[in-house]
Each structure stands twice: as C-alpha cells, then as structure tokens.
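Source file run.pdb; content: PDB, C-alpha atoms.
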```pdb
ATOM      1  CA  MET A   1      -4.235  12.536  14.798
ATOM      2  CA  ALA A   2      -2.881   9.660  12.705
ATOM      3  CA  VAL A   3      -5.211   6.853  11.703
ATOM      4  CA  LYS A   4      -4.092   3.237  12.163
ATOM      5  CA  ILE A   5      -3.641   1.686   8.730
ATOM      6  CA  ASN A   6      -3.443  -2.003   7.850
ATOM      7  CA  THR A   7      -0.904  -1.650   5.048
ATOM      8  CA  ARG A   8      -1.218  -5.155   3.647
ATOM      9  CA  LYS A   9      -5.026  -4.945   3.525
ATOM     10  CA  LEU A  10      -4.838  -1.497   1.933
ATOM     11  CA  LEU A  11      -2.423  -2.795  -0.728
ATOM     12  CA  GLU A  12      -4.673  -5.805  -1.381
ATOM     13  CA  GLU A  13      -7.685  -3.528  -1.907
ATOM     14  CA  TRP A  14      -5.631  -1.187  -4.099
ATOM     15  CA  GLY A  15      -4.489  -4.152  -6.199
ATOM     16  CA  LEU A  16      -8.069  -5.360  -6.474
ATOM     17  CA  TRP A  17      -9.164  -1.875  -7.527
ATOM     18  CA  SER A  18      -6.317  -1.721 -10.051
ATOM     19  CA  ARG A  19      -7.439  -5.010 -11.601
ATOM     20  CA  GLY A  20     -11.145  -4.227 -11.250
ATOM     21  CA  SER A  21     -13.481  -1.805 -12.866
ATOM     22  CA  GLY A  22     -13.204   1.121 -10.477
ATOM     23  CA  VAL A  23     -16.984   0.966 -10.104
ATOM     24  CA  GLY A  24     -18.426   3.927  -8.254
ATOM     25  CA  LEU A  25     -15.194   5.891  -8.085
ATOM     26  CA  GLY A  26     -15.678   7.896 -11.268
ATOM     27  CA  TYR A  27     -12.443   6.756 -12.911
ATOM     28  CA  LYS A  28     -10.544   3.585 -13.717
ATOM     29  CA  SER A  29      -6.963   2.497 -13.358
ATOM     30  CA  VAL A  30      -4.965   1.713 -16.477
ATOM     31  CA  MET A  31      -4.854  -1.919 -15.367
ATOM     32  CA  ALA A  32      -8.673  -2.014 -15.091
ATOM     33  CA  VAL A  33      -9.036  -0.876 -18.688
ATOM     34  CA  ALA A  34      -6.626  -3.617 -19.806
ATOM     35  CA  MET A  35      -8.428  -6.247 -17.693
ATOM     36  CA  GLU A  36     -11.759  -5.349 -19.321
ATOM     37  CA  LEU A  37     -10.363  -6.704 -22.556
ATOM     38  CA  VAL A  38      -9.747 -10.182 -21.111
ATOM     39  CA  GLN A  39     -12.178 -10.621 -18.206
ATOM     40  CA  PRO A  40     -15.977 -10.473 -18.436
ATOM     41  CA  PRO A  41     -17.535  -7.804 -16.175
ATOM     42  CA  GLU A  42     -19.620 -10.338 -14.229
ATOM     43  CA  ASN A  43     -16.429 -12.050 -12.960
ATOM     44  CA  ARG A  44     -14.956  -8.920 -11.382
ATOM     45  CA  VAL A  45     -14.915  -8.183  -7.672
ATOM     46  CA  CYS A  46     -15.389  -4.656  -6.329
ATOM     47  CA  ALA A  47     -12.663  -3.298  -4.085
ATOM     48  CA  ASN A  48     -13.364  -1.743  -0.697
ATOM     49  CA  ILE A  49     -11.172   1.341  -1.042
ATOM     50  CA  THR A  50     -11.916   5.055  -1.147
ATOM     51  CA  PRO A  51     -10.533   7.624  -3.599
ATOM     52  CA  PRO A  52      -8.392   9.279  -0.855
ATOM     53  CA  GLN A  53      -6.927   5.867   0.009
ATOM     54  CA  ILE A  54      -6.204   5.197  -3.664
ATOM     55  CA  ALA A  55      -4.448   8.551  -3.930
ATOM     56  CA  MET A  56      -2.399   7.795  -0.824
ATOM     57  CA  VAL A  57      -1.293   4.392  -2.176
ATOM     58  CA  GLU A  58      -0.526   5.842  -5.605
ATOM     59  CA  ASP A  59       1.582   8.590  -3.980
ATOM     60  CA  GLY A  60       3.348   6.017  -1.823
ATOM     61  CA  MET A  61       4.068   3.810  -4.827
ATOM     62  CA  ALA A  62       5.480   6.765  -6.773
ATOM     63  CA  ALA A  63       7.736   7.624  -3.827
ATOM     64  CA  LEU A  64       8.751   3.971  -3.433
ATOM     65  CA  ARG A  65       9.676   3.747  -7.113
ATOM     66  CA  THR A  66      11.979   6.732  -6.653
ATOM     67  CA  ARG A  67      13.522   5.173  -3.549
ATOM     68  CA  ASP A  68      13.977   1.570  -4.753
ATOM     69  CA  VAL A  69      12.679   0.288  -8.065
ATOM     70  CA  ASN A  70      13.088  -3.371  -7.003
ATOM     71  CA  MET A  71      10.835  -2.903  -3.959
ATOM     72  CA  TRP A  72       8.319  -1.068  -6.163
ATOM     73  CA  CYS A  73       8.400  -3.875  -8.710
ATOM     74  CA  ALA A  74       7.901  -6.569  -6.044
ATOM     75  CA  ILE A  75       4.852  -4.735  -4.635
ATOM     76  CA  LYS A  76       3.410  -4.179  -8.103
ATOM     77  CA  LEU A  77       3.844  -7.830  -9.114
ATOM     78  CA  THR A  78       2.343  -9.017  -5.822
ATOM     79  CA  TYR A  79      -0.668  -6.737  -5.469
ATOM     80  CA  ILE A  80      -1.528  -5.627  -9.014
ATOM     81  CA  PHE A  81      -0.537  -8.689 -11.017
ATOM     82  CA  ASP A  82      -1.398 -11.089  -8.163
ATOM     83  CA  LEU A  83       1.743 -13.205  -8.657
ATOM     84  CA  GLY A  84       3.135 -15.594  -6.055
ATOM     85  CA  ARG A  85       6.635 -15.375  -4.581
ATOM     86  CA  ARG A  86       8.061 -18.043  -6.934
ATOM     87  CA  GLN A  87       6.664 -16.271 -10.025
ATOM     88  CA  ILE A  88       8.051 -12.942  -8.812
ATOM     89  CA  ALA A  89      11.433 -14.542  -8.129
ATOM     90  CA  ASP A  90      11.482 -15.919 -11.671
ATOM     91  CA  GLU A  91      10.366 -12.596 -13.174
ATOM     92  CA  MET A  92      12.915 -10.547 -11.227
ATOM     93  CA  ARG A  93      15.628 -13.228 -11.431
ATOM     94  CA  LEU A  94      16.020 -13.349  -7.655
ATOM     95  CA  SER A  95      15.721 -16.023  -5.003
ATOM     96  CA  GLU A  96      12.414 -16.451  -3.188
ATOM     97  CA  HIS A  97      14.190 -15.364  -0.012
ATOM     98  CA  ALA A  98      15.285 -12.122  -1.705
ATOM     99  CA  VAL A  99      11.713 -11.520  -2.889
ATOM    100  CA  ARG A 100      10.334 -12.089   0.633
ATOM    101  CA  GLN A 101      12.895  -9.613   1.984
ATOM    102  CA  LEU A 102      12.074  -7.048  -0.712
ATOM    103  CA  LEU A 103       8.352  -7.343   0.029
ATOM    104  CA  SER A 104       8.905  -7.095   3.762
ATOM    105  CA  ASP A 105      11.089  -4.005   3.336
ATOM    106  CA  ALA A 106       8.693  -2.421   0.839
ATOM    107  CA  GLU A 107       5.636  -3.021   3.029
ATOM    108  CA  ALA A 108       7.459  -1.568   6.046
ATOM    109  CA  TRP A 109       8.545   1.463   4.021
ATOM    110  CA  LEU A 110       5.002   2.002   2.700
ATOM    111  CA  ASP A 111       3.578   1.531   6.205
ATOM    112  CA  SER A 112       5.776   4.375   7.407
ATOM    113  CA  TYR A 113       4.849   6.481   4.380
ATOM    114  CA  PHE A 114       1.120   5.916   4.963
ATOM    115  CA  PHE A 115       1.492   6.729   8.664
ATOM    116  CA  ASN A 116       3.183  10.040   7.871
ATOM    117  CA  PHE A 117       0.694  10.729   5.066
ATOM    118  CA  SER A 118      -2.298  10.196   7.361
ATOM    119  CA  LYS A 119      -0.663  12.208  10.153
ATOM    120  CA  ALA A 120      -0.247  15.159   7.793
ATOM    121  CA  ALA A 121      -3.866  14.963   6.584
TER     122      ALA A 121
END
```
As structure tokens - that is how I would like this structure written.
Amino acid sequence: MAVKINTRKLLEEWGLWSRGSGVGLGYKSVMAVAMELVQPPENRVCANITPPQIAMVEDGMAALRTRDVNMWCAIKLTYIFDLGRRQIADEMRLSEHAVRQLLSDAEAWLDSYFFNFSKAA
C-alpha cells in the first residue's frame, strides 16, 4: 500500500538536512560539511526526516537530474541553497515565470516518483 507523501514538506526537510548537521542519522551530507565551515553549530536546526526518506529523495533527485537538469537545478537551488524565485531566475538566466513552471513541473515529477517509490517498498 502506498503512503501519502507531502512532497513539498519532504523536500523542505531534505533541504534542511542537507544544510544541517545530519545529527542522529550517522552520516552527513556534503552540504552539511560545507555549512559547518561557515555556520556555528548552535545556529543549526535539526531536520525531521528519516534515513529511508533521505534515500528516497536522493534517488528521486538523481533520476530527475537524468530526466531534466534544469528542473533538478531549480529544486536544488530552492531546497538546498534556500534561494528565492528571483535569485534562481538570475542564477539560471530565466524569467521568474519560467522558474515557477520548472519548480511546479519538478515537484509534480518528484511527487509521482515518490508515490511509485513508496508503492514499491
């Protein structure tokens, strides 16, 4: 039986985990190691995400990168780097409307991926 997944919330928690310390999970993301160099540990927030959820998002992001690198980049800039639509538009040299469409398409694609992933589990 498939589990209902809130894709946006899951991506937010994954982004938080990516920027955070990975406390209690036994390993850290590459981004967390980089963030330790610039952000004191007492200012970090712990993410509410489990290792299986992290693996699912990481798998989905790898598949998304293969499918459409622009959608992957928009998700990464939004959830890992915590950039706003205008900043992403500037970074990707697109209009804000194009960025909104990319994010909408990417979130829908990941939602479907997560649904099929959880159904298979």
Let me know the residues the PyMOL selection byres ((chain A and resi 48-56) around 8) catches in the file above, as a PyMOL selection string.
chain A and resi 10+13-14+17+25+46-47+57-60+114+117
Which residues would end up in the selection if the PyMOL selection byres ((chain A and resi 75) around 10) were applied here, given that I need the answer as a PyMOL selection string?
chain A and resi 11+15+61+64+69-74+76-83+88+99+102-104+106-107+110
Can I get the selected residues back with C-alpha atoms, as a compact mmCIF listing (two decimals), in the coordinates of the input?
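Contents of the output file part.txt:
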```
# COMPACT_ATOMS: atom_id res chain seq x y z
CA LEU A 11 -2.42 -2.80 -0.73
CA GLY A 15 -4.49 -4.15 -6.20
CA MET A 61 4.07 3.81 -4.83
CA LEU A 64 8.75 3.97 -3.43
CA VAL A 69 12.68 0.29 -8.06
CA ASN A 70 13.09 -3.37 -7.00
CA MET A 71 10.84 -2.90 -3.96
CA TRP A 72 8.32 -1.07 -6.16
CA CYS A 73 8.40 -3.88 -8.71
CA ALA A 74 7.90 -6.57 -6.04
CA LYS A 76 3.41 -4.18 -8.10
CA LEU A 77 3.84 -7.83 -9.11
CA THR A 78 2.34 -9.02 -5.82
CA TYR A 79 -0.67 -6.74 -5.47
CA ILE A 80 -1.53 -5.63 -9.01
CA PHE A 81 -0.54 -8.69 -11.02
CA ASP A 82 -1.40 -11.09 -8.16
CA LEU A 83 1.74 -13.20 -8.66
CA ILE A 88 8.05 -12.94 -8.81
CA VAL A 99 11.71 -11.52 -2.89
CA LEU A 102 12.07 -7.05 -0.71
CA LEU A 103 8.35 -7.34 0.03
CA SER A 104 8.90 -7.10 3.76
CA ALA A 106 8.69 -2.42 0.84
CA GLU A 107 5.64 -3.02 3.03
CA LEU A 110 5.00 2.00 2.70
```
Take CA of Ala89 in chain A and CA of Phe115 in chain A and report the distance between them in Å, one decimal.
28.9 Å
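Among the candidates A:Ala63, A:Leu16, A:Arg100, A:Glu91, the one nearest to Ser112 in chain A when counting only C-alpha atoms is A:Ala63.
One distance worth recording is that between CA of Arg85 in chain A and CA of Glu12 in chain A, which is 15.2 Å.
Note that the spacing between CA of Ala120 in chain A and CA of Gln101 in chain A amounts to 28.6 Å.
Each of A:Arg86, A:Lys9, A:Arg19, A:Arg67 was compared to Tyr113 in chain A using all atoms listed in the file, and A:Arg67 turns out to be the nearest.
In terms of minimum interatomic distance to Thr7 in chain A, A:Ala108 ranks closest within A:Asp90, A:Gly84, A:Lys119, A:Ala108, counting all atoms listed in the file.
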